[in-house]
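Peer 1: Dumping the structure here so I can ask a few things about it.
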Amino acid sequence: MRFEYFAAPDDETAALTIDGGEIDGAVASHVVDPASVLGQLERLLGGPTGDDGLRSAQLVAESPDGARLLIRLSNHLVTLFGMVRPTTLDDVVKHWSLSRRFRRAEPEDLHAFAAGLHQLCEGTGKRVYCRATADESELAAAMAPAAAVPAGVEDADPAEPKPLPRRR
């Protein structure tokens, strides 16, 4: 996945980017997934500890082919992250670099991303969004035909849950 964070005045303007075109001033990453990371960031900055990240972002739009999602970061997260000091930003990056989610990321890349996101969040008066775009391999896997149905299951009631296969 490719994640592009950017500022826009409102949801309607941000939704115009769902076509996949270039976004001016975007901060890009292949590892900072808003669904799994923003709740963690909000907690690091003093947000609610019981939040699983779902309040930190909201889906705004999806492309017709499902290849791109547009996600709005919460005002609370944008405000918190916009107020951090440079030393706090360094601490956030250090904490992120210890997480297994960021094993693939270089600390310099995380710092550049955090600095770019911080600039987007600093008093712009705009909202901050993330456009998530699936890679070609992810799209191909999603479009692949479903696995063959095991013998004897084709007559089963579709409303009934299927048993898990046994390990041998």
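Going through the structure tokens in order, the chains are called A, B, and so on, while each chain numbers its residues from 1 and the ligands are numbered from 1 in the order shown.
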What lies within 9 Å of Arg68 (chain A) using only C-alpha atoms, ignoring chain neighbours under 4 positions off, as a list in words?
Peer 2: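 Result of the neighbour search: Ile18, Asp19, Gly20, Ala61, Glu62, Ser63, Pro64, Arg131, Ala132, Thr133 and Ala134 of chain A.
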Peer 1: Emit the selected residues as a PDB file, in the first residue's frame, including C-alpha atoms.
Peer 2:
ATOM      1  CA  ILE A  18      -9.697   9.677  -5.306  1.00  0.00           C
ATOM      2  CA  ASP A  19      -8.941   9.401  -9.031  1.00  0.00           C
ATOM      3  CA  GLY A  20      -5.282   8.704  -8.219  1.00  0.00           C
ATOM      4  CA  ALA A  61     -14.457   8.048  -0.027  1.00  0.00           C
ATOM      5  CA  GLU A  62     -13.517   4.914  -1.970  1.00  0.00           C
ATOM      6  CA  SER A  63     -12.648   4.580  -5.648  1.00  0.00           C
ATOM      7  CA  PRO A  64     -15.118   2.519  -7.744  1.00  0.00           C
ATOM      8  CA  ARG A 131      -5.183   8.522   0.405  1.00  0.00           C
ATOM      9  CA  ALA A 132      -4.376   4.813   0.611  1.00  0.00           C
ATOM     10  CA  THR A 133      -3.636   3.158  -2.721  1.00  0.00           C
ATOM     11  CA  ALA A 134      -3.329  -0.589  -3.168  1.00  0.00           C
TER      12      ALA A 134
END
Peer 1: Quick one: DSSP helix (DSSP H, G or I) residues in region 68-100 of chain A, as a list in words?
Peer 2: Asn75, His76, Leu77, Val78, Thr79, Leu80, Phe81, Gly82, Pro86, Thr87, Thr88, Leu89, Asp90, Asp91, Val92, Val93, Lys94, His95, Trp96, Ser97, Leu98 and Arg100 of chain A
Peer 1: Expressed in Å to a single decimal, how great is the separation between CA of Val92 (chain A) and CA of Val27 (chain A)?
Peer 2: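 Separation between CA of Val92 (chain A) and CA of Val27 (chain A): 17.0 Å.
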Peer 1: Can you tell me which residues surround Ala112 (chain A) at a distance of at most 12 Å, considering only C-alpha atoms, apart from same-chain residues fewer than 2 positions away, and format the answer as a ChimeraX atom specification?
Peer 2: /A:27-29,32,89-90,93,105-110,114-119
Peer 1: Which residue out of A:Gly82, A:Gly125, A:Gly21, A:Pro34 has the minimum interatomic distance to Ala7 (chain A) when only C-alpha atoms are used?
Peer 2: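 Checking each of A:Gly82, A:Gly125, A:Gly21, A:Pro34 against Ala7 (chain A), counting only C-alpha atoms, the winner is A:Gly125.
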Peer 1: A:Leu98, A:Val37, A:Val128, A:Leu45: which is nearest Val84 (chain A), counting only C-alpha atoms?
Peer 2: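 Once distances to Val84 (chain A) are computed over only C-alpha atoms, the minimum belongs to A:Leu45.
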Peer 1: Give the answer as one residue: which of A:Leu77, A:Leu70, A:Leu44, A:Asp65 has the shortest atom-to-atom distance to Lys94 (chain A), using only C-alpha atoms?
Peer 2: A:Leu44
